[in-house]
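So this block is entry-v1.cif, mmCIF, C-alpha atoms and all ligand atoms:
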```cif
data_protein
loop_
_atom_site.label_atom_id
_atom_site.label_comp_id
_atom_site.auth_asym_id
_atom_site.auth_seq_id
_atom_site.Cartn_x
_atom_site.Cartn_y
_atom_site.Cartn_z
CA MET A 7 -25.86 -33.31 -13.76
CA LYS A 8 -26.61 -35.36 -10.65
CA PRO A 9 -23.48 -36.52 -8.85
CA ARG A 10 -22.96 -40.15 -7.90
CA THR A 11 -19.95 -39.77 -5.65
CA ALA A 12 -19.10 -37.29 -2.92
CA LEU A 13 -15.97 -36.45 -0.96
CA LEU A 14 -16.38 -34.73 2.39
CA LEU A 15 -13.25 -33.04 3.63
CA ASN A 16 -12.68 -32.09 7.26
CA GLY A 17 -10.62 -28.91 7.10
CA SER A 18 -9.92 -28.70 10.84
CA PRO A 19 -6.79 -29.97 12.58
CA ARG A 20 -9.20 -31.44 15.14
CA ARG A 21 -11.84 -34.10 14.72
CA GLU A 22 -14.65 -32.16 16.27
CA ASN A 23 -17.17 -29.63 15.00
CA SER A 24 -16.20 -29.44 11.33
CA LEU A 25 -16.02 -33.21 11.24
CA ALA A 26 -19.45 -33.50 12.87
CA LEU A 27 -20.91 -31.33 10.09
CA ALA A 28 -19.07 -33.27 7.37
CA SER A 29 -20.18 -36.62 8.81
CA TYR A 30 -23.78 -35.53 9.10
CA LEU A 31 -23.83 -34.30 5.50
CA SER A 32 -22.22 -37.55 4.44
CA GLU A 33 -25.04 -39.50 6.12
CA LEU A 34 -27.65 -37.37 4.38
CA LEU A 35 -26.00 -37.77 0.98
CA ALA A 36 -25.51 -41.52 1.46
CA GLU A 37 -29.19 -41.91 2.33
CA LYS A 38 -29.97 -40.45 -1.08
CA GLY A 39 -27.75 -42.98 -2.77
CA LEU A 40 -24.47 -41.12 -3.18
CA GLU A 41 -21.28 -43.00 -2.60
CA CYS A 42 -19.52 -40.95 0.08
CA GLU A 43 -16.03 -40.76 1.45
CA THR A 44 -14.92 -38.60 4.40
CA MET A 45 -11.29 -37.52 4.73
CA GLN A 46 -9.06 -35.31 6.83
CA ALA A 47 -7.42 -32.49 4.92
CA TYR A 48 -4.74 -32.32 7.63
CA ARG A 49 -2.16 -35.09 7.86
CA THR A 50 -3.42 -37.07 4.86
CA PRO A 51 -0.75 -37.75 2.22
CA LEU A 52 -1.40 -35.46 -0.75
CA ASN A 53 -1.58 -38.35 -3.19
CA ASP A 54 -4.40 -39.95 -1.23
CA LEU A 55 -6.27 -36.64 -1.29
CA LEU A 56 -5.72 -36.25 -5.01
CA SER A 57 -7.00 -39.72 -5.82
CA ALA A 58 -10.04 -39.19 -3.58
CA LEU A 59 -10.72 -35.91 -5.44
CA GLU A 60 -10.36 -37.76 -8.72
CA LYS A 61 -13.16 -40.14 -7.71
CA ALA A 62 -15.54 -37.49 -6.37
CA GLU A 63 -18.10 -35.72 -8.53
CA VAL A 64 -18.92 -33.35 -5.71
CA VAL A 65 -16.61 -32.16 -2.96
CA VAL A 66 -17.79 -30.58 0.29
CA LEU A 67 -15.19 -28.85 2.44
CA SER A 68 -16.15 -28.38 6.09
CA PHE A 69 -13.82 -26.07 8.01
CA PRO A 70 -13.60 -24.00 11.18
CA LEU A 71 -13.23 -20.24 10.88
CA TYR A 72 -9.69 -19.29 11.92
CA VAL A 73 -9.04 -15.57 12.24
CA ASP A 74 -11.72 -14.67 9.71
CA SER A 75 -10.56 -17.13 7.07
CA LEU A 76 -9.46 -20.71 6.48
CA PRO A 77 -6.94 -22.36 8.83
CA GLY A 78 -3.30 -21.99 7.74
CA GLY A 79 -2.70 -25.74 7.57
CA LEU A 80 -5.76 -26.16 5.37
CA THR A 81 -4.68 -23.28 3.15
CA GLN A 82 -1.41 -25.07 2.55
CA VAL A 83 -3.26 -28.19 1.41
CA LEU A 84 -5.50 -26.12 -0.87
CA GLU A 85 -2.48 -24.38 -2.43
CA GLU A 86 -1.05 -27.81 -3.19
CA ILE A 87 -4.34 -29.03 -4.69
CA ALA A 88 -4.56 -25.90 -6.84
CA ARG A 89 -1.08 -26.63 -8.20
CA GLN A 90 -1.80 -30.26 -9.03
CA PHE A 91 -5.50 -30.80 -9.61
CA ASP A 92 -8.03 -29.81 -12.25
CA GLY A 93 -11.59 -29.66 -10.92
CA GLN A 94 -13.20 -29.39 -14.37
CA GLY A 95 -16.48 -31.34 -14.42
CA ARG A 96 -16.72 -31.50 -10.62
CA SER A 97 -18.65 -29.39 -8.14
CA PHE A 98 -17.57 -27.87 -4.86
CA ALA A 99 -19.42 -26.61 -1.80
CA ALA A 100 -18.19 -25.35 1.56
CA VAL A 101 -19.51 -25.40 5.12
CA VAL A 102 -17.88 -23.22 7.74
CA ASN A 103 -18.57 -23.13 11.46
CA CYS A 104 -17.29 -20.35 13.66
CA GLY A 105 -16.83 -19.69 17.34
CA PHE A 106 -18.70 -16.41 17.34
CA PRO A 107 -22.48 -16.63 17.39
CA GLU A 108 -22.92 -14.50 14.25
CA SER A 109 -22.71 -16.80 11.23
CA GLY A 110 -22.15 -13.74 9.04
CA GLN A 111 -18.64 -13.36 10.46
CA ALA A 112 -17.62 -16.19 8.14
CA ALA A 113 -18.60 -14.39 4.91
CA VAL A 114 -15.04 -13.58 3.85
CA SER A 115 -13.96 -17.19 4.38
CA LEU A 116 -16.70 -18.42 2.05
CA GLY A 117 -15.48 -15.92 -0.54
CA ILE A 118 -12.03 -17.47 -0.19
CA ALA A 119 -13.44 -21.00 -0.51
CA GLU A 120 -15.28 -19.91 -3.66
CA SER A 121 -12.18 -18.33 -5.13
CA PHE A 122 -10.24 -21.53 -4.46
CA ALA A 123 -12.96 -23.62 -6.12
CA ARG A 124 -13.03 -21.42 -9.20
CA THR A 125 -9.25 -21.28 -9.44
CA VAL A 126 -9.15 -25.08 -9.54
CA GLY A 127 -11.94 -25.22 -12.11
CA PHE A 128 -14.68 -26.64 -9.90
CA ARG A 129 -18.26 -25.53 -10.33
CA TRP A 130 -19.11 -23.54 -7.20
CA LEU A 131 -22.31 -24.71 -5.55
CA GLY A 132 -22.26 -22.26 -2.67
CA GLY A 133 -21.41 -22.11 1.00
CA LEU A 134 -23.12 -22.46 4.37
CA SER A 135 -22.01 -20.81 7.56
CA MET A 136 -22.99 -21.76 11.07
CA GLY A 137 -22.40 -19.57 14.11
CA ALA A 138 -21.75 -20.82 17.65
CA GLY A 139 -20.09 -23.97 16.27
CA PRO A 140 -18.56 -24.97 19.62
CA SER A 141 -22.11 -25.59 20.89
CA MET A 142 -21.76 -28.94 19.11
CA GLY A 143 -18.98 -29.85 21.51
CA GLY A 144 -17.62 -32.24 18.89
CA ARG A 145 -20.68 -34.48 19.27
CA PRO A 146 -22.45 -36.05 16.30
CA ILE A 147 -25.12 -33.61 15.09
CA SER A 148 -27.91 -36.10 15.76
CA GLU A 149 -26.96 -36.03 19.46
CA CYS A 150 -26.97 -32.26 19.81
CA GLY A 151 -30.68 -31.94 20.42
CA GLY A 152 -33.25 -29.29 19.61
CA MET A 153 -30.81 -26.40 19.72
CA LEU A 154 -29.60 -27.42 16.28
CA ARG A 155 -33.01 -27.91 14.69
CA ASN A 156 -32.64 -25.09 12.18
CA VAL A 157 -29.11 -26.09 11.29
CA ILE A 158 -30.28 -29.66 10.72
CA ALA A 159 -33.21 -28.50 8.59
CA GLY A 160 -30.82 -26.34 6.56
CA LEU A 161 -28.32 -29.15 6.05
CA LYS A 162 -31.17 -31.35 4.78
CA VAL A 163 -32.18 -28.73 2.24
CA ALA A 164 -28.55 -28.34 1.19
CA ALA A 165 -28.11 -32.11 0.85
CA ASP A 166 -31.18 -32.25 -1.40
CA ASP A 167 -29.74 -29.46 -3.54
CA ILE A 168 -26.42 -31.27 -3.84
CA VAL A 169 -28.09 -34.56 -4.74
CA GLN A 170 -30.02 -32.79 -7.52
CA GLY A 171 -26.82 -31.25 -8.82
CA ASP A 172 -28.17 -27.81 -7.97
CA GLU A 173 -26.58 -24.83 -6.33
CA ILE A 174 -27.21 -24.57 -2.60
CA SER A 175 -30.45 -22.69 -2.06
CA ASP A 176 -30.90 -19.48 -0.09
CA GLU A 177 -33.21 -21.34 2.26
CA ALA A 178 -30.42 -23.71 3.29
CA VAL A 179 -28.08 -20.77 3.85
CA ARG A 180 -30.67 -18.97 5.94
CA LEU A 181 -31.51 -21.97 8.15
CA VAL A 182 -27.91 -23.00 8.83
CA GLY A 183 -27.04 -19.39 9.64
CA MET A 184 -29.75 -18.89 12.26
CA PRO A 185 -28.68 -18.21 15.86
CA LEU A 186 -28.85 -21.26 18.16
CA VAL A 187 -29.47 -19.15 21.26
CA PRO A 188 -29.54 -15.37 21.77
CA HIS A 189 -26.06 -13.94 21.10
CA LEU A 190 -25.68 -12.48 24.57
CA VAL A 191 -26.47 -15.83 26.17
CA TYR A 192 -23.96 -17.57 23.93
CA ARG A 193 -21.20 -15.05 24.68
CA LEU A 194 -21.64 -15.57 28.43
CA MET A 195 -21.82 -19.35 28.17
CA ALA A 196 -18.83 -19.65 25.89
CA GLY A 197 -16.76 -17.29 28.03
CA GLN A 198 -17.71 -19.25 31.13
CA HIS A 199 -16.65 -22.47 29.44
CA PHE A 200 -13.12 -21.09 28.96
CA ARG A 201 -13.00 -19.69 32.51
CA THR A 202 -13.94 -23.09 33.94
CA GLN A 203 -11.30 -24.85 31.88
CA ALA A 204 -8.60 -22.38 32.90
CA LYS A 205 -9.56 -22.76 36.53
CA LYS A 206 -9.27 -26.53 36.28
CA ASN A 207 -5.76 -26.06 34.93
CA GLY A 208 -4.89 -23.57 37.63
CA ALA A 209 -4.20 -21.01 34.90
CA LYS A 210 -4.83 -17.25 35.00
CA ILE A 211 -6.62 -16.27 31.83
CA TYR A 212 -5.62 -12.58 32.04
CA ASP A 213 -1.85 -13.19 32.04
CA ARG A 214 -0.01 -10.61 29.94
CA THR A 215 2.81 -12.89 28.94
CA TYR A 216 4.59 -10.47 26.63
CA GLU A 217 3.81 -7.13 28.22
CA TRP A 218 7.15 -6.66 29.95
CA LYS A 219 8.74 -5.74 26.64
CA ARG A 220 6.31 -3.03 25.68
CA ARG A 221 7.70 0.39 24.81
CA MET B 3 9.23 2.94 16.96
CA ARG B 4 8.92 -0.76 16.35
CA ILE B 5 7.79 -2.38 13.14
CA ALA B 6 7.07 -6.11 12.82
CA ILE B 7 6.69 -7.55 9.34
CA LEU B 8 5.14 -10.95 8.76
CA ASP B 9 6.20 -11.68 5.21
CA GLY B 10 4.38 -14.57 3.54
CA ARG B 11 6.09 -14.38 0.15
CA VAL B 12 8.40 -17.06 -1.15
CA LYS B 13 11.93 -16.39 -0.08
CA ASP B 14 14.13 -14.87 -2.73
CA GLU B 15 17.23 -12.74 -2.51
CA ALA B 16 16.01 -9.82 -4.58
CA ASN B 17 12.59 -9.19 -3.11
CA THR B 18 12.24 -10.80 0.29
CA VAL B 19 15.56 -10.89 2.06
CA LYS B 20 16.54 -7.25 1.55
CA LEU B 21 13.32 -5.68 2.77
CA GLY B 22 14.16 -5.68 6.47
CA ASP B 23 17.56 -4.04 5.96
CA LEU B 24 16.32 -1.43 3.52
CA LEU B 25 13.50 -0.43 5.83
CA SER B 26 15.86 -0.15 8.81
CA GLU B 27 18.22 2.04 6.79
CA THR B 28 15.39 4.24 5.59
CA LEU B 29 13.66 4.67 8.93
CA ARG B 30 16.67 5.16 11.15
CA SER B 31 14.74 5.52 14.36
CA ALA B 32 12.78 2.33 13.85
CA VAL B 33 13.50 -1.16 15.11
CA VAL B 34 12.43 -3.47 12.32
CA ARG B 35 11.75 -7.16 12.73
CA HIS B 36 11.24 -8.92 9.45
CA PHE B 37 9.99 -12.51 9.58
CA ILE B 38 10.41 -14.39 6.32
CA LEU B 39 7.78 -16.98 7.06
CA ALA B 40 8.37 -19.30 4.13
CA GLU B 41 11.71 -20.39 5.57
CA MET B 42 10.48 -20.77 9.13
CA GLU B 43 8.08 -23.68 8.59
CA LEU B 44 5.88 -22.86 11.55
CA ALA B 45 3.64 -25.61 12.85
CA PRO B 46 0.01 -24.82 12.15
CA CYS B 47 -2.28 -24.05 15.08
CA LEU B 48 -3.67 -27.28 16.59
CA GLY B 49 -6.93 -25.68 17.69
CA CYS B 50 -6.33 -26.81 21.29
CA PHE B 51 -6.99 -23.42 22.98
CA ASP B 52 -4.21 -24.13 25.50
CA CYS B 53 -3.03 -20.56 24.77
CA TRP B 54 -6.24 -19.44 26.50
CA VAL B 55 -6.78 -22.00 29.24
CA LYS B 56 -3.47 -23.72 30.04
CA THR B 57 -0.62 -21.30 29.37
CA PRO B 58 -2.66 -18.14 28.83
CA GLY B 59 -0.94 -15.79 26.42
CA GLN B 60 1.43 -18.36 25.00
CA CYS B 61 1.09 -21.12 22.40
CA ILE B 62 2.10 -24.58 23.58
CA ILE B 63 4.03 -25.25 20.37
CA PRO B 64 7.66 -24.39 21.16
CA ASP B 65 8.70 -22.97 17.79
CA LYS B 66 9.21 -19.48 16.35
CA GLY B 67 5.46 -18.91 16.36
CA ARG B 68 5.97 -17.70 19.93
CA ALA B 69 8.53 -15.07 18.96
CA ILE B 70 6.22 -13.92 16.19
CA ALA B 71 3.28 -13.52 18.55
CA GLU B 72 5.52 -11.58 20.93
CA ALA B 73 6.78 -9.29 18.16
CA ALA B 74 3.24 -8.81 16.88
CA ILE B 75 2.10 -7.32 20.17
CA ASN B 76 5.28 -5.40 20.99
CA CYS B 77 5.22 -3.11 17.99
CA ASP B 78 3.62 0.09 16.77
CA VAL B 79 3.01 -1.11 13.25
CA LEU B 80 2.31 -4.69 12.25
CA VAL B 81 2.68 -5.42 8.54
CA PHE B 82 1.25 -8.46 6.76
CA ILE B 83 2.70 -9.09 3.29
CA SER B 84 1.39 -11.86 1.07
CA PRO B 85 0.56 -12.78 -2.45
CA VAL B 86 -3.22 -12.54 -2.70
CA THR B 87 -4.15 -16.22 -2.49
CA PHE B 88 -7.77 -17.14 -3.27
CA GLY B 89 -8.56 -13.67 -1.96
CA GLY B 90 -6.84 -14.40 1.36
CA TYR B 91 -3.34 -14.89 2.72
CA ALA B 92 -0.84 -17.41 1.43
CA SER B 93 -0.49 -20.35 3.81
CA ALA B 94 2.84 -19.15 5.22
CA LEU B 95 1.25 -15.92 6.45
CA LYS B 96 -2.04 -17.52 7.44
CA THR B 97 -0.27 -20.10 9.58
CA ALA B 98 1.56 -17.31 11.42
CA VAL B 99 -1.63 -15.27 11.86
CA ASP B 100 -3.49 -18.24 13.37
CA ARG B 101 -0.69 -18.40 15.94
CA LEU B 102 -1.50 -14.86 17.11
CA ILE B 103 -4.66 -15.72 19.03
CA PRO B 104 -2.75 -16.04 22.34
CA ASN B 105 -2.65 -12.23 22.18
CA ILE B 106 -6.38 -11.90 22.79
CA LEU B 107 -8.56 -13.26 25.61
CA PRO B 108 -11.04 -16.15 25.51
CA LEU B 109 -13.75 -13.90 26.96
CA PHE B 110 -16.35 -12.46 24.64
CA VAL B 111 -17.42 -8.85 24.24
CA SER B 112 -19.72 -7.09 21.84
CA ILE B 113 -18.17 -4.31 19.76
CA LYS B 114 -20.23 -2.41 17.20
CA GLY B 115 -22.92 -5.05 17.40
CA GLU B 116 -20.63 -8.01 16.75
CA SER B 117 -18.98 -10.51 19.07
CA ARG B 118 -15.23 -10.25 19.57
CA HIS B 119 -12.71 -11.66 21.96
CA ALA B 120 -11.72 -9.18 24.62
CA ALA B 121 -8.29 -7.56 24.52
CA ARG B 122 -5.51 -9.18 26.56
CA TYR B 123 -3.23 -6.14 26.27
CA LEU B 124 -3.81 -2.47 26.88
CA ASP B 125 -3.21 -1.49 23.30
CA TYR B 126 -2.49 -3.07 19.96
CA PRO B 127 -0.47 -1.99 16.93
CA ARG B 128 -1.78 -0.56 13.69
CA LEU B 129 -2.23 -3.15 10.97
CA LEU B 130 -0.96 -2.60 7.45
CA GLY B 131 -1.88 -5.27 4.91
CA ILE B 132 0.02 -5.49 1.65
CA GLY B 133 -1.30 -7.87 -0.97
CA ILE B 134 0.61 -8.75 -4.12
CA SER B 135 -2.13 -9.01 -6.71
CA LYS B 136 -2.57 -11.87 -9.13
CA GLY B 137 -4.71 -9.65 -11.30
CA ASN B 138 -8.12 -10.69 -9.98
CA ALA B 139 -9.99 -7.62 -8.75
CA LYS B 140 -12.55 -9.64 -6.78
CA ASP B 141 -9.79 -11.46 -4.91
CA ASP B 142 -8.00 -8.18 -4.18
CA GLU B 143 -11.17 -6.76 -2.69
CA LEU B 144 -11.61 -9.87 -0.54
CA PHE B 145 -8.04 -9.46 0.70
CA ALA B 146 -8.81 -5.92 1.85
CA ARG B 147 -11.93 -7.14 3.63
CA LEU B 148 -9.89 -9.80 5.40
CA ILE B 149 -7.40 -7.20 6.65
CA GLU B 150 -10.29 -5.10 7.88
CA ARG B 151 -11.85 -8.05 9.75
CA ASN B 152 -8.50 -9.05 11.24
CA SER B 153 -8.02 -5.48 12.44
CA LEU B 154 -11.33 -5.72 14.29
CA ASN B 155 -10.55 -9.05 15.88
CA PHE B 156 -7.02 -8.05 16.87
CA HIS B 157 -8.13 -4.63 18.18
CA SER B 158 -5.82 -2.78 15.80
CA ARG B 159 -5.84 0.95 16.44
CA GLN B 160 -5.94 1.70 12.74
CA HIS B 161 -5.60 -0.37 9.61
CA SER B 162 -5.03 -0.01 5.90
CA THR B 163 -4.62 -2.26 2.86
CA HIS B 164 -2.42 -1.70 -0.17
CA ILE B 165 -2.60 -3.89 -3.24
CA LEU B 166 0.55 -4.00 -5.36
CA PRO B 167 0.67 -5.23 -8.95
CA ALA B 168 2.36 -8.57 -9.55
CA SER B 169 4.54 -7.03 -12.27
CA PRO B 170 8.27 -7.69 -11.90
CA GLY B 171 9.62 -5.37 -9.24
CA GLY B 172 6.11 -4.49 -8.09
CA ASP B 173 6.96 -5.87 -4.66
CA SER B 174 10.63 -4.91 -4.64
CA PRO B 175 12.13 -3.81 -1.31
CA GLU B 176 12.15 -0.21 -2.62
CA GLU B 177 8.48 -0.33 -3.54
CA LEU B 178 7.47 -1.90 -0.22
CA THR B 179 9.57 0.53 1.77
CA LYS B 180 7.83 3.39 -0.03
CA VAL B 181 4.37 1.97 0.72
CA ILE B 182 5.14 1.33 4.38
CA ARG B 183 6.68 4.79 4.79
CA GLN B 184 3.78 6.52 3.13
CA GLN B 185 1.24 4.75 5.29
CA MET B 186 3.17 5.51 8.46
CA THR B 187 3.30 9.16 7.46
CA THR B 188 -0.44 9.19 6.81
CA TRP B 189 -0.98 7.70 10.26
CA GLY B 190 1.31 10.35 11.71
CA VAL B 191 3.64 7.85 13.39
CA ILE B 192 6.60 9.24 11.43
CA SER B 193 7.04 12.65 9.90
C1 LIG C 1 -6.67 -20.12 15.75
C2 LIG C 1 -8.16 -20.00 15.86
C3 LIG C 1 -8.77 -18.89 15.31
C4 LIG C 1 -10.16 -18.74 15.36
N1 LIG C 1 -10.72 -17.64 14.80
C5 LIG C 1 -12.06 -17.47 14.83
C6 LIG C 1 -12.66 -16.31 14.24
O1 LIG C 1 -11.99 -15.43 13.68
N2 LIG C 1 -14.00 -16.17 14.32
C7 LIG C 1 -14.78 -17.12 14.91
O2 LIG C 1 -16.00 -16.94 14.95
N3 LIG C 1 -14.24 -18.24 15.47
C8 LIG C 1 -12.90 -18.44 15.43
N4 LIG C 1 -12.35 -19.58 15.99
C9 LIG C 1 -13.22 -20.59 16.62
C10 LIG C 1 -13.48 -21.84 15.76
O3 LIG C 1 -13.96 -21.50 14.50
C11 LIG C 1 -14.48 -22.75 16.45
O4 LIG C 1 -13.99 -23.11 17.71
C12 LIG C 1 -14.82 -24.00 15.67
O5 LIG C 1 -15.98 -24.60 16.22
C13 LIG C 1 -13.73 -25.04 15.66
O6 LIG C 1 -14.11 -26.12 14.80
P1 LIG C 1 -13.42 -27.57 14.88
O7 LIG C 1 -13.93 -28.23 16.11
O8 LIG C 1 -13.83 -28.28 13.63
O9 LIG C 1 -11.94 -27.38 14.94
C14 LIG C 1 -10.96 -19.74 15.98
C15 LIG C 1 -10.33 -20.85 16.54
C16 LIG C 1 -8.96 -20.99 16.50
C17 LIG C 1 -8.31 -22.20 17.11
#
```
Please express the file's structure as structure tokens.
Amino acid sequence: MKPRTALLLNGSPRRENSLALASYLSELLAEKGLECETMQAYRTPLNDLLSALEKAEVVVLSFPLYVDSLPGGLTQVLEEIARQFDGQGRSFAAVVNCGFPESGQAAVSLGIAESFARTVGFRWLGGLSMGAGPSMGGRPISECGGMLRNVIAGLKVAADDIVQGDEISDEAVRLVGMPLVPHLVYRLMAGQHFRTQAKKNGAKIYDRTYEWKRR
Amino acid sequence: MRIAILDGRVKDEANTVKLGDLLSETLRSAVVRHFILAEMELAPCLGCFDCWVKTPGQCIIPDKGRAIAEAAINCDVLVFISPVTFGGYASALKTAVDRLIPNILPLFVSIKGESRHAARYLDYPRLLGIGISKGNAKDDELFARLIERNSLNFHSRQHSTHILPASPGGDSPEELTKVIRQQMTTWGVIS
């Protein structure tokens, strides 16, 4: 069954990379005629979330990888949804972006998203994972330039799948999961980014705050 | 010998509250810190990275999340206890675990072909994960994979996962004490 309405949920406490992915997918789905709504999972009253879920025939959860799984604050919201909502007749997909360059590091988190979806009674459409998420810098995807070309191509394939009421295809998964730059380059750049920020704050990144109490 | 337990189960007198005391009595030489997370209402991580670039090593949120991060590095054995929730941790435990990233560095290294954050400290505790099953084998397996991945990212010296049945008493203080003791014996940290 082809969906007519979609809910895109930002599962990050911030309005940055996960939101950029959700917003871009929302644009793609809207272009194809779906009625889309984007919402924050954090800090939205539960009743508003529940009524938005009620209206949506397909739900896409976009979240950042936090310590190999979903953020704690998001997990709390999902526990609440599982207690109060029946997803029967609706579909669910997930998009995760992670700070490490290897998109495969998010595999467990997609398993968790799937288990949540099935527990609630949703039809599971599949999940996408993107490595090196912070490369987006919270910018809209369309402004990120050529670096994201494969991710963009993959999101387009995924959006087509969703519009058709199909499961997300392997091709979409493959494209979204491709490295943006070589892993070594990313690790150096991302590390340098944190060094620069710490320096600006006059902070010493190597501080061993708690070491004095060690055995 | 220090043991820190991050307990993500709902608080109840019979199963949760007594665990810390029973474990201390059983392992006389150990200092046990038992955090019953459900009653602590920790603020979730804000994703600000101030713990890496502003106050390195410490979260900017001034609640008990700081004491938990401190206990989680100053111990020999770190124990995560949680009902298996969608194959992962219940939100109470997950919120606490997110607050542990001050204990690693923002810098990246490659270990066994995968990116990791470099260690902030010289050594890290062993990680013991205990999941209370809801009877779904696939979820239980996912839980064990999550413990394994966490052990890699937190540089745990060793790790192990135990899945306990949800049957009444399956996660009683006696049962948990037995599991923790057995694992510590296997690791050779107690005799
Ligand atoms: C508490 C915390 C834990 C994280 N854990 C991981 C992790 O285990 N693996 C990973 O690749 N990235 C991890 N990250 C990085 C985020 O996934 C990454 O920065 C992401 O782009 C944030 O998305 P957002 O802008 O939507 O919040 C973590 C970030 C935070 C704040």
- Message: Which residues are near B:Cys77? Cut-off 7 Å, only C-alpha atoms, ignore same chain within fewer than 4 positions. Put them as a ChimeraX atom specification.
- Response: /B:4-6,73,127
- Task: Report as a PyMOL selection string the set of chain A residues whose atoms approach chain B to within 7 Å, with distances computed over all atoms listed in the file.
- Result: chain A and resi 19-20+72-74+78-79+81-82+106+114+118+121-122+193+197+200+203-204+207+209-216+219-220
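The spacing separating atom CA of B:Pro85 from atom CA of B:Gly10 amounts to 7.3 Å.
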Taking every listed atom of stretch 94-99 of chain B and adding 5 Å to each side, what centre and edge lengths in Å (one decimal) does the axis-aligned box have, as AutoDock Vina command-line options?
```
--center_x 0.4 --center_y -17.7 --center_z 8.5 --size_x 14.9 --size_y 14.8 --size_z 16.6
```
- Message: Quick check, in Å to one decimal: how far apart do atom CA of B:Lys20 and atom CA of B:Ser158 lie?
- Response: 26.9 Å
Considering only C-alpha atoms and all ligand atoms, tabulate each residue of chain A that lies at most 10 Å from ligand LIG 1 (chain C) along with its nearest interatomic pair and the corresponding distance in Å to one decimal; arrange the rows by chain and ascending residue number and present them as CSV.
```
residue,atom,partner,partner_atom,distance
A:Asn16,CA,C:LIG1,O8,7.5
A:Gly17,CA,C:LIG1,O8,7.3
A:Ser18,CA,C:LIG1,O9,4.8
A:Pro19,CA,C:LIG1,O9,6.2
A:Arg20,CA,C:LIG1,O9,4.9
A:Arg21,CA,C:LIG1,O8,6.2
A:Glu22,CA,C:LIG1,O7,4.0
A:Asn23,CA,C:LIG1,O7,3.7
A:Ser24,CA,C:LIG1,O8,3.5
A:Leu25,CA,C:LIG1,O8,5.9
A:Ala26,CA,C:LIG1,O8,7.7
A:Leu27,CA,C:LIG1,O8,8.5
A:Ala28,CA,C:LIG1,O8,9.6
A:Ser68,CA,C:LIG1,O8,7.9
A:Phe69,CA,C:LIG1,O8,6.0
A:Pro70,CA,C:LIG1,O3,4.2
A:Leu71,CA,C:LIG1,O3,3.9
A:Tyr72,CA,C:LIG1,N1,3.5
A:Val73,CA,C:LIG1,O1,3.3
A:Asp74,CA,C:LIG1,O1,4.1
A:Ser75,CA,C:LIG1,O1,7.0
A:Leu76,CA,C:LIG1,N1,9.0
A:Pro77,CA,C:LIG1,C1,7.3
A:Gly78,CA,C:LIG1,C1,8.9
A:Val102,CA,C:LIG1,O3,8.0
A:Asn103,CA,C:LIG1,O5,5.6
A:Cys104,CA,C:LIG1,O3,3.6
A:Gly105,CA,C:LIG1,N3,3.5
A:Phe106,CA,C:LIG1,O2,3.6
A:Pro107,CA,C:LIG1,O2,6.9
A:Glu108,CA,C:LIG1,O2,7.4
A:Ser109,CA,C:LIG1,O2,7.7
A:Gly110,CA,C:LIG1,O2,9.1
A:Gln111,CA,C:LIG1,O2,6.3
A:Ala112,CA,C:LIG1,O2,7.0
A:Ser115,CA,C:LIG1,O1,9.7
A:Met136,CA,C:LIG1,O5,9.2
A:Gly137,CA,C:LIG1,O2,7.0
A:Ala138,CA,C:LIG1,O5,7.0
A:Gly139,CA,C:LIG1,O5,4.2
A:Pro140,CA,C:LIG1,O5,4.3
A:Ser141,CA,C:LIG1,O5,7.8
A:Met142,CA,C:LIG1,O5,7.8
A:Gly143,CA,C:LIG1,O7,7.6
A:Gly144,CA,C:LIG1,O7,6.1
A:Arg145,CA,C:LIG1,O7,9.7
```
- Item | Who sits within 7 Å of A:Ala165, all atoms listed in the file, same chain under 6 positions skipped, as number ranges by chain | A: 31, 34-35
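By chain and then residue number, the residues within 12 Å of B:Gly172 are B:Ala16, B:Asn17, B:Pro85, B:Ile132, B:Gly133, B:Ile134, B:Ser135, B:Lys136, B:His164, B:Ile165, B:Leu166, B:Pro167, B:Glu177, B:Leu178, B:Thr179, B:Lys180, B:Val181, counting all atoms listed in the file and disregarding those fewer than 5 positions away in sequence.
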Just want the 12 Å neighbourhood of A:Ser57, counted on all atoms listed in the file, with same-chain residues fewer than 4 positions away dropped. Output as a short mmCIF file (atom, residue, chain, number, x, y, z; two decimals) with C-alpha atoms, in the coordinates of the input.
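Result written to around-v1.cif:
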```
data_model
loop_
_atom_site.label_atom_id
_atom_site.label_comp_id
_atom_site.auth_asym_id
_atom_site.auth_seq_id
_atom_site.Cartn_x
_atom_site.Cartn_y
_atom_site.Cartn_z
CA LEU A 13 -15.97 -36.45 -0.96
CA GLU A 43 -16.03 -40.76 1.45
CA MET A 45 -11.29 -37.52 4.73
CA THR A 50 -3.42 -37.07 4.86
CA PRO A 51 -0.75 -37.75 2.22
CA LEU A 52 -1.40 -35.46 -0.75
CA ASN A 53 -1.58 -38.35 -3.19
CA LYS A 61 -13.16 -40.14 -7.71
CA ALA A 62 -15.54 -37.49 -6.37
CA ILE A 87 -4.34 -29.03 -4.69
CA GLN A 90 -1.80 -30.26 -9.03
CA PHE A 91 -5.50 -30.80 -9.61
CA ASP A 92 -8.03 -29.81 -12.25
#
```
- What gap, in Å, lies between atom CA of A:Asp166 and atom CA of A:Leu116? 20.3 Å
- Point (-23.8, -21.2, -4.0), cut-off 10 Å, counting all atoms listed in the file, residues as a PyMOL selection string: chain A and resi 98-100+116+120+129-134+172-176+179
- Message: I want to know what sits within 12 Å of A:Glu41, based on only C-alpha atoms, with residues of the same chain fewer than 5 positions away left out; could you give that as a VMD selection string?
- Response: chain A and resid 9 to 14 32 to 36 58 61 to 65 169
- Counting only C-alpha atoms, which of A:Leu154, A:Arg201, A:Leu40, A:Ala196 gets nearest to A:Gly183? A:Leu154
